[in-house]
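*Asks:* Before I ask anything, here is the structure I am working with.
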Amino acid sequence: MSSNVNKQIDVTEDIVMLRTTGSPFNDGNIICINQSDGLVFVDAGRIAETAKEFRKDMETRFKKKAKLMVLTHLHVDHLDGIAAFKDIPIIASQKAVELYLENEKNHHYSKQGREWFVENQNLEEKTGKFTLSKEWHTDWAVNYVKAKVYPPTLGVKEELAIGNGDERFLFRPIGGHTECSSYLINENKGILIAGDNFNCEHADNSLCMLNSAIKFIDVLKKFEELDFNTIVPGHGKVVDKGYLTKTRQYLEEMSANMKKLKAKNTPVEEAINDPSLPSFFEEKLPQQMDSVLKFWYIEVN
Ligand SMILES: [Zn+2]
């Protein structure tokens, strides 16, 4: 049994974030935005039952129906709970629509395709390449095979306004974490919903963002140019804009110093322990930080 805890966090009186903690897996945050003509949900998490319960709670709390599901990107920890929203329009970037169709064609979303993936992981584990945890078998694989996904019903190329007046959010594709990644911004209320282009508390969550972050420092800079003070991440707690700046500064310093080490042909094992690299900027160090650093060393140029 997993020890997952689902917590509803009030971001404002009209925005609620569902956060799963205690999970050894990537469980993306699900966000509910209360607008006058209905509820907008952002991302669907990994498990449809969790998403269904959250939707029901929000419909009861705000006495309104869900009107729209918005996907920030297509990774399983944000997409696989989508069955909870199959009766309402689903929007994503145009790139996400194309990627969905391609994945579908390659059988990534069918039951057989999912079963095949799990079997393949089991086979690879037997070769000794890696070890899968007990929870991987009892929680992740079970939910992965069970998940039934639905395609976005509208693809957005540049921008889509959701809601009117002060409550209006702008949905904009931006790339970064994935080619199909998007964000939502409400500059009147000062809220940025970032998807996996921004995560925090990496030690307690996933490394969704961190693994690829060295490649999309520019996206963080673009975020900093927007007018907001609260940031709702794809994983982790709600933080202020200063936290984003702190994250970007750490990544920039890391990138610059790693480039220097690479230019001197410092071997990777030595480079990742070099004193010139900044120490991790959050309170807790992610367990797999060594492998992240090795990955960054390869990625910087
Ligand atoms: Zn994620």
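Quick note on naming: the chains in the structure tokens go A, B, ... in the order shown, residues restart at 1 in each chain, and ligands are numbered from 1 in order of appearance.
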Can you list, as a PyMOL selection string, every residue of region 100-213 of chain A that DSSP puts in alpha helix (DSSP H)?
*Replies:* chain A and resi 100-105+111-126+134-135+141-146+208-213
*Asks:* Lys95 (chain A): which residues within 10 Å, counting only C-alpha atoms, same-chain residues fewer than 6 positions away excluded, as a list in words?
*Replies:*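 That gives His73, Gly155, Val156, Lys157, Pro173, Gly175, Thr178, Glu179, Cys180, Ser181 and Ser182 of chain A.
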*Asks:* Taking all heavy atoms for each residue, export the selection above as a PDB file, in the first residue's frame.
*Replies:*
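Okay, this is what ended up in part-v5.pdb:
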ATOM      1  N   HIS A  73       1.007  19.852 -20.185  1.00  0.00           N
ATOM      2  CA  HIS A  73       1.799  18.999 -21.083  1.00  0.00           C
ATOM      3  C   HIS A  73       1.298  17.568 -20.951  1.00  0.00           C
ATOM      4  O   HIS A  73       0.398  17.298 -20.162  1.00  0.00           O
ATOM      5  CB  HIS A  73       3.305  19.112 -20.818  1.00  0.00           C
ATOM      6  CG  HIS A  73       3.772  18.639 -19.466  1.00  0.00           C
ATOM      7  ND1 HIS A  73       3.344  19.197 -18.284  1.00  0.00           N
ATOM      8  CD2 HIS A  73       4.636  17.657 -19.109  1.00  0.00           C
ATOM      9  CE1 HIS A  73       3.942  18.599 -17.269  1.00  0.00           C
ATOM     10  NE2 HIS A  73       4.719  17.644 -17.733  1.00  0.00           N
ATOM     11  N   GLY A 155      -6.544  22.412 -29.791  1.00  0.00           N
ATOM     12  CA  GLY A 155      -5.118  22.718 -29.712  1.00  0.00           C
ATOM     13  C   GLY A 155      -4.900  24.211 -29.874  1.00  0.00           C
ATOM     14  O   GLY A 155      -5.466  24.828 -30.773  1.00  0.00           O
ATOM     15  N   VAL A 156      -4.094  24.811 -29.003  1.00  0.00           N
ATOM     16  CA  VAL A 156      -3.859  26.255 -29.041  1.00  0.00           C
ATOM     17  C   VAL A 156      -2.460  26.514 -29.593  1.00  0.00           C
ATOM     18  O   VAL A 156      -1.491  25.907 -29.144  1.00  0.00           O
ATOM     19  CB  VAL A 156      -3.991  26.861 -27.620  1.00  0.00           C
ATOM     20  CG1 VAL A 156      -3.663  28.354 -27.629  1.00  0.00           C
ATOM     21  CG2 VAL A 156      -5.397  26.615 -27.068  1.00  0.00           C
ATOM     22  N   LYS A 157      -2.380  27.432 -30.560  1.00  0.00           N
ATOM     23  CA  LYS A 157      -1.067  27.735 -31.158  1.00  0.00           C
ATOM     24  C   LYS A 157      -0.351  28.832 -30.387  1.00  0.00           C
ATOM     25  O   LYS A 157       0.813  28.705 -30.069  1.00  0.00           O
ATOM     26  CB  LYS A 157      -1.247  28.166 -32.611  1.00  0.00           C
ATOM     27  CG  LYS A 157      -1.169  26.989 -33.564  1.00  0.00           C
ATOM     28  CD  LYS A 157      -0.872  27.458 -34.982  1.00  0.00           C
ATOM     29  CE  LYS A 157      -0.824  26.263 -35.919  1.00  0.00           C
ATOM     30  NZ  LYS A 157      -1.682  26.411 -37.068  1.00  0.00           N
ATOM     31  N   PRO A 173       1.172  28.363 -24.952  1.00  0.00           N
ATOM     32  CA  PRO A 173       2.257  27.395 -25.173  1.00  0.00           C
ATOM     33  C   PRO A 173       3.602  28.114 -25.063  1.00  0.00           C
ATOM     34  O   PRO A 173       3.725  29.262 -25.479  1.00  0.00           O
ATOM     35  CB  PRO A 173       2.014  26.914 -26.597  1.00  0.00           C
ATOM     36  CG  PRO A 173       0.564  27.212 -26.865  1.00  0.00           C
ATOM     37  CD  PRO A 173       0.275  28.465 -26.102  1.00  0.00           C
ATOM     38  N   GLY A 175       6.821  25.791 -24.560  1.00  0.00           N
ATOM     39  CA  GLY A 175       7.934  24.823 -24.688  1.00  0.00           C
ATOM     40  C   GLY A 175       8.709  24.738 -23.388  1.00  0.00           C
ATOM     41  O   GLY A 175       8.182  25.031 -22.323  1.00  0.00           O
ATOM     42  N   THR A 178       8.868  20.355 -21.943  1.00  0.00           N
ATOM     43  CA  THR A 178       8.606  19.521 -23.119  1.00  0.00           C
ATOM     44  C   THR A 178       8.282  20.467 -24.273  1.00  0.00           C
ATOM     45  O   THR A 178       7.957  21.631 -24.050  1.00  0.00           O
ATOM     46  CB  THR A 178       7.383  18.590 -22.941  1.00  0.00           C
ATOM     47  OG1 THR A 178       6.207  19.402 -22.807  1.00  0.00           O
ATOM     48  CG2 THR A 178       7.506  17.693 -21.720  1.00  0.00           C
ATOM     49  N   GLU A 179       8.322  19.933 -25.462  1.00  0.00           N
ATOM     50  CA  GLU A 179       8.022  20.737 -26.645  1.00  0.00           C
ATOM     51  C   GLU A 179       6.582  21.251 -26.586  1.00  0.00           C
ATOM     52  O   GLU A 179       6.252  22.303 -27.120  1.00  0.00           O
ATOM     53  CB  GLU A 179       8.202  19.844 -27.872  1.00  0.00           C
ATOM     54  CG  GLU A 179       8.828  20.535 -29.039  1.00  0.00           C
ATOM     55  CD  GLU A 179       8.665  19.712 -30.304  1.00  0.00           C
ATOM     56  OE1 GLU A 179       8.600  18.468 -30.209  1.00  0.00           O
ATOM     57  OE2 GLU A 179       8.576  20.328 -31.368  1.00  0.00           O
ATOM     58  N   CYS A 180       5.712  20.479 -25.922  1.00  0.00           N
ATOM     59  CA  CYS A 180       4.287  20.831 -25.892  1.00  0.00           C
ATOM     60  C   CYS A 180       3.881  21.595 -24.631  1.00  0.00           C
ATOM     61  O   CYS A 180       2.705  21.806 -24.374  1.00  0.00           O
ATOM     62  CB  CYS A 180       3.432  19.576 -26.066  1.00  0.00           C
ATOM     63  SG  CYS A 180       3.427  18.455 -24.650  1.00  0.00           S
ATOM     64  N   SER A 181       4.852  22.017 -23.801  1.00  0.00           N
ATOM     65  CA  SER A 181       4.521  22.649 -22.511  1.00  0.00           C
ATOM     66  C   SER A 181       3.873  24.036 -22.663  1.00  0.00           C
ATOM     67  O   SER A 181       4.233  24.813 -23.548  1.00  0.00           O
ATOM     68  CB  SER A 181       5.777  22.787 -21.649  1.00  0.00           C
ATOM     69  OG  SER A 181       6.175  21.534 -21.168  1.00  0.00           O
ATOM     70  N   SER A 182       2.929  24.311 -21.754  1.00  0.00           N
ATOM     71  CA  SER A 182       2.201  25.581 -21.733  1.00  0.00           C
ATOM     72  C   SER A 182       2.060  26.070 -20.303  1.00  0.00           C
ATOM     73  O   SER A 182       2.296  25.323 -19.365  1.00  0.00           O
ATOM     74  CB  SER A 182       0.799  25.390 -22.319  1.00  0.00           C
ATOM     75  OG  SER A 182       0.861  24.812 -23.604  1.00  0.00           O
TER      76      SER A 182
END
*Asks:* Using only C-alpha atoms and all ligand atoms, which residues have at least one atom no more than 10 Å from ligand 1? Output them as a VMD selection string.
*Replies:* chain A and resid 25 to 29 43 45 to 46 72 to 79 177 195 to 199 205 to 209 233 to 235
*Asks:* Applying 8 Å and only C-alpha atoms, which residues near region 251-254 of chain A remain after dropping the ones on its own chain fewer than 2 positions away? List them as a list in words.
*Replies:* Ala213, Ile214, Ile217, Thr247, Arg248, Gln249, Ala256, Asn257, Met258, Leu277 and Pro278 of chain A
*Asks:* Between CA of Val42 (chain A) and CA of Ser110 (chain A), what is the spacing in Å?
*Replies:*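 One can read the CA of Ser110 (chain A) to CA of Val42 (chain A) distance as 23.5 Å.
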*Asks:* Considering only C-alpha atoms, can you say which of A:Arg114, A:Thr131, A:Asn164, A:Arg172 comes closest to Ser93 (chain A)?
*Replies:*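 For Ser93 (chain A), the nearest of the candidates is A:Arg172.
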*Asks:* Which is closer to Ile31 (chain A) than all the others in A:Glu49, A:Ile193, A:Glu167, A:Trp296, using only C-alpha atoms?
*Replies:* A:Ile193
*Asks:* For a test of reading the model, state the distance in Å between CA of Trp136 (chain A) and CA of His202 (chain A), rounded to one decimal.
*Replies:*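 Separation between CA of Trp136 (chain A) and CA of His202 (chain A): 19.4 Å.
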*Asks:* Between A:Gly190, A:Pro152, A:Gly165, A:Gly176, single out the one closest to Phe216 (chain A), counting only C-alpha atoms.
*Replies:*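 Counting only C-alpha atoms, the residue closest to Phe216 (chain A) is A:Gly176.
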*Asks:* Extract, using only C-alpha atoms, all DNA, RNA and protein residues at most 10 Å from Pro89 (chain A), discarding same-chain residues fewer than 2 positions from it, and format them as an MDAnalysis selection string.
*Replies:* chainID A and resid 66:70 85:87 91 151:154
*Asks:* Any chance you can output those residues with all heavy atoms as a CSV table (one decimal), in the first residue's frame?
*Replies:*
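Saved the output as selection25.csv:
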chain,number,residue,atom,x,y,z
A,66,ALA,N,-17.8,21.6,-13.6
A,66,ALA,CA,-16.6,21.8,-14.3
A,66,ALA,C,-16.9,22.2,-15.7
A,66,ALA,O,-17.8,21.6,-16.3
A,66,ALA,CB,-15.8,20.5,-14.3
A,67,LYS,N,-16.1,23.2,-16.3
A,67,LYS,CA,-16.4,23.6,-17.7
A,67,LYS,C,-15.3,23.3,-18.6
A,67,LYS,O,-15.5,23.2,-19.8
A,67,LYS,CB,-16.8,25.0,-17.8
A,67,LYS,CG,-15.7,26.0,-17.4
A,67,LYS,CD,-16.0,27.5,-17.8
A,67,LYS,CE,-14.8,28.4,-17.4
A,67,LYS,NZ,-15.0,29.8,-17.8
A,68,LEU,N,-14.0,23.1,-18.1
A,68,LEU,CA,-12.9,23.0,-19.0
A,68,LEU,C,-11.7,22.3,-18.3
A,68,LEU,O,-11.5,22.6,-17.1
A,68,LEU,CB,-12.5,24.4,-19.4
A,68,LEU,CG,-11.4,24.6,-20.5
A,68,LEU,CD1,-11.9,24.1,-21.8
A,68,LEU,CD2,-11.0,26.1,-20.6
A,69,MET,N,-11.0,21.5,-19.0
A,69,MET,CA,-9.8,20.9,-18.5
A,69,MET,C,-8.6,21.4,-19.4
A,69,MET,O,-8.7,21.4,-20.6
A,69,MET,CB,-9.9,19.3,-18.6
A,69,MET,CG,-8.6,18.5,-18.7
A,69,MET,SD,-7.3,18.8,-17.5
A,69,MET,CE,-8.1,18.5,-15.9
A,70,VAL,N,-7.6,21.9,-18.7
A,70,VAL,CA,-6.4,22.4,-19.4
A,70,VAL,C,-5.2,21.6,-19.1
A,70,VAL,O,-4.9,21.4,-17.9
A,70,VAL,CB,-6.2,23.9,-19.0
A,70,VAL,CG1,-5.0,24.5,-19.7
A,70,VAL,CG2,-7.4,24.7,-19.2
A,85,PHE,N,-12.3,13.9,-16.5
A,85,PHE,CA,-12.7,15.1,-17.2
A,85,PHE,C,-13.1,14.8,-18.6
A,85,PHE,O,-13.2,15.7,-19.5
A,85,PHE,CB,-11.6,16.1,-17.2
A,85,PHE,CG,-11.1,16.4,-15.8
A,85,PHE,CD1,-10.0,15.8,-15.3
A,85,PHE,CD2,-11.8,17.3,-15.0
A,85,PHE,CE1,-9.5,16.1,-14.0
A,85,PHE,CE2,-11.4,17.6,-13.7
A,85,PHE,CZ,-10.2,17.0,-13.2
A,86,LYS,N,-13.5,13.5,-18.9
A,86,LYS,CA,-13.7,13.2,-20.3
A,86,LYS,C,-15.0,13.8,-20.9
A,86,LYS,O,-15.2,13.8,-22.1
A,86,LYS,CB,-13.7,11.6,-20.5
A,86,LYS,CG,-14.8,11.0,-19.7
A,86,LYS,CD,-14.9,9.5,-19.9
A,86,LYS,CE,-16.0,8.9,-19.2
A,86,LYS,NZ,-16.0,7.4,-19.1
A,87,ASP,N,-15.9,14.3,-20.0
A,87,ASP,CA,-17.2,14.8,-20.5
A,87,ASP,C,-17.1,16.3,-20.8
A,87,ASP,O,-18.1,16.9,-21.2
A,87,ASP,CB,-18.2,14.6,-19.4
A,87,ASP,CG,-17.9,15.2,-18.1
A,87,ASP,OD1,-16.7,15.1,-17.7
A,87,ASP,OD2,-18.7,15.9,-17.4
A,91,ILE,N,-8.3,21.3,-23.3
A,91,ILE,CA,-7.4,22.1,-24.2
A,91,ILE,C,-6.0,21.8,-23.9
A,91,ILE,O,-5.6,21.5,-22.7
A,91,ILE,CB,-7.8,23.6,-24.2
A,91,ILE,CG1,-7.4,24.2,-22.9
A,91,ILE,CG2,-9.2,23.8,-24.6
A,91,ILE,CD1,-7.2,25.7,-23.1
A,151,PRO,N,-8.0,12.4,-25.9
A,151,PRO,CA,-7.2,13.4,-26.6
A,151,PRO,C,-7.8,14.9,-26.3
A,151,PRO,O,-8.9,15.0,-26.0
A,151,PRO,CB,-7.5,13.1,-28.1
A,151,PRO,CG,-8.8,12.4,-28.1
A,151,PRO,CD,-8.9,11.7,-26.8
A,152,PRO,N,-6.9,15.9,-26.4
A,152,PRO,CA,-7.3,17.2,-26.3
A,152,PRO,C,-8.3,17.5,-27.4
A,152,PRO,O,-8.2,17.0,-28.5
A,152,PRO,CB,-6.0,18.1,-26.5
A,152,PRO,CG,-4.9,17.1,-26.3
A,152,PRO,CD,-5.4,15.7,-26.6
A,153,THR,N,-9.4,18.3,-27.1
A,153,THR,CA,-10.4,18.6,-28.1
A,153,THR,C,-10.1,19.9,-28.8
A,153,THR,O,-10.7,20.2,-29.8
A,153,THR,CB,-11.8,18.7,-27.4
A,153,THR,OG1,-11.7,19.5,-26.2
A,153,THR,CG2,-12.3,17.3,-27.0
A,154,LEU,N,-9.1,20.7,-28.2
A,154,LEU,CA,-8.7,21.9,-28.9
A,154,LEU,C,-7.2,22.1,-28.7
A,154,LEU,O,-6.8,22.0,-27.6
A,154,LEU,CB,-9.5,23.1,-28.3
A,154,LEU,CG,-9.1,24.5,-28.9
A,154,LEU,CD1,-9.6,24.7,-30.3
A,154,LEU,CD2,-9.7,25.6,-28.0
*Asks:* Go through region 170-281 of chain A and collect every residue that DSSP, computed from the backbone, puts in strand (DSSP E or B); the answer should be as a PyMOL selection string.
*Replies:* chain A and resi 170-173+182-186+191-195+230-233+239-240
*Asks:* Dump N, CA and C atoms for the selected residues as a short mmCIF file (atom, residue, chain, number, x, y, z; two decimals), in the first residue's frame?
*Replies:*
data_model
loop_
_atom_site.label_atom_id
_atom_site.label_comp_id
_atom_site.auth_asym_id
_atom_site.auth_seq_id
_atom_site.Cartn_x
_atom_site.Cartn_y
_atom_site.Cartn_z
N LEU A 170 -4.82 33.68 -19.23
CA LEU A 170 -4.33 33.46 -20.59
C LEU A 170 -3.55 32.16 -20.62
N PHE A 171 -3.91 31.30 -21.55
CA PHE A 171 -3.22 30.02 -21.74
C PHE A 171 -2.25 30.19 -22.89
N ARG A 172 -0.95 29.91 -22.65
CA ARG A 172 0.05 30.13 -23.70
C ARG A 172 1.06 28.98 -23.78
N PRO A 173 1.17 28.36 -24.95
CA PRO A 173 2.26 27.39 -25.17
C PRO A 173 3.60 28.11 -25.06
N SER A 182 2.93 24.31 -21.75
CA SER A 182 2.20 25.58 -21.73
C SER A 182 2.06 26.07 -20.30
N TYR A 183 1.65 27.34 -20.16
CA TYR A 183 1.39 27.88 -18.82
C TYR A 183 0.13 28.72 -18.85
N LEU A 184 -0.36 29.09 -17.66
CA LEU A 184 -1.51 30.00 -17.56
C LEU A 184 -1.12 31.17 -16.69
N ILE A 185 -1.55 32.36 -17.10
CA ILE A 185 -1.22 33.55 -16.32
C ILE A 185 -2.46 34.42 -16.14
N ASN A 186 -2.62 34.92 -14.92
CA ASN A 186 -3.64 35.94 -14.66
C ASN A 186 -2.90 37.12 -14.01
N ILE A 191 -1.21 35.61 -10.63
CA ILE A 191 -1.02 34.16 -10.47
C ILE A 191 -0.42 33.55 -11.74
N LEU A 192 0.65 32.79 -11.59
CA LEU A 192 1.21 32.02 -12.70
C LEU A 192 1.05 30.54 -12.40
N ILE A 193 0.44 29.79 -13.33
CA ILE A 193 0.34 28.34 -13.20
C ILE A 193 1.33 27.75 -14.21
N ALA A 194 2.39 27.14 -13.69
CA ALA A 194 3.58 26.93 -14.52
C ALA A 194 3.73 25.55 -15.13
N GLY A 195 2.96 24.56 -14.70
CA GLY A 195 3.23 23.19 -15.14
C GLY A 195 4.63 22.79 -14.71
N THR A 230 2.46 35.14 -7.27
CA THR A 230 2.28 33.77 -6.77
C THR A 230 2.47 32.78 -7.90
N ILE A 231 3.21 31.72 -7.63
CA ILE A 231 3.44 30.72 -8.65
C ILE A 231 2.96 29.35 -8.18
N VAL A 232 2.10 28.75 -9.00
CA VAL A 232 1.54 27.42 -8.71
C VAL A 232 2.32 26.42 -9.57
N PRO A 233 3.13 25.56 -8.93
CA PRO A 233 4.03 24.70 -9.70
C PRO A 233 3.38 23.39 -10.16
N VAL A 239 4.67 28.99 -4.21
CA VAL A 239 5.72 29.91 -3.74
C VAL A 239 5.56 31.28 -4.39
N ASP A 240 6.45 32.23 -3.98
CA ASP A 240 6.37 33.56 -4.58
C ASP A 240 7.39 33.71 -5.71
#
*Asks:* Nearest to Ala203 (chain A): which of A:Leu71, A:Val219, A:Ile272, A:Leu285 is it, counting only C-alpha atoms?
*Replies:*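 Of A:Leu71, A:Val219, A:Ile272, A:Leu285, the one nearest Ala203 (chain A) is A:Leu285, counting only C-alpha atoms.
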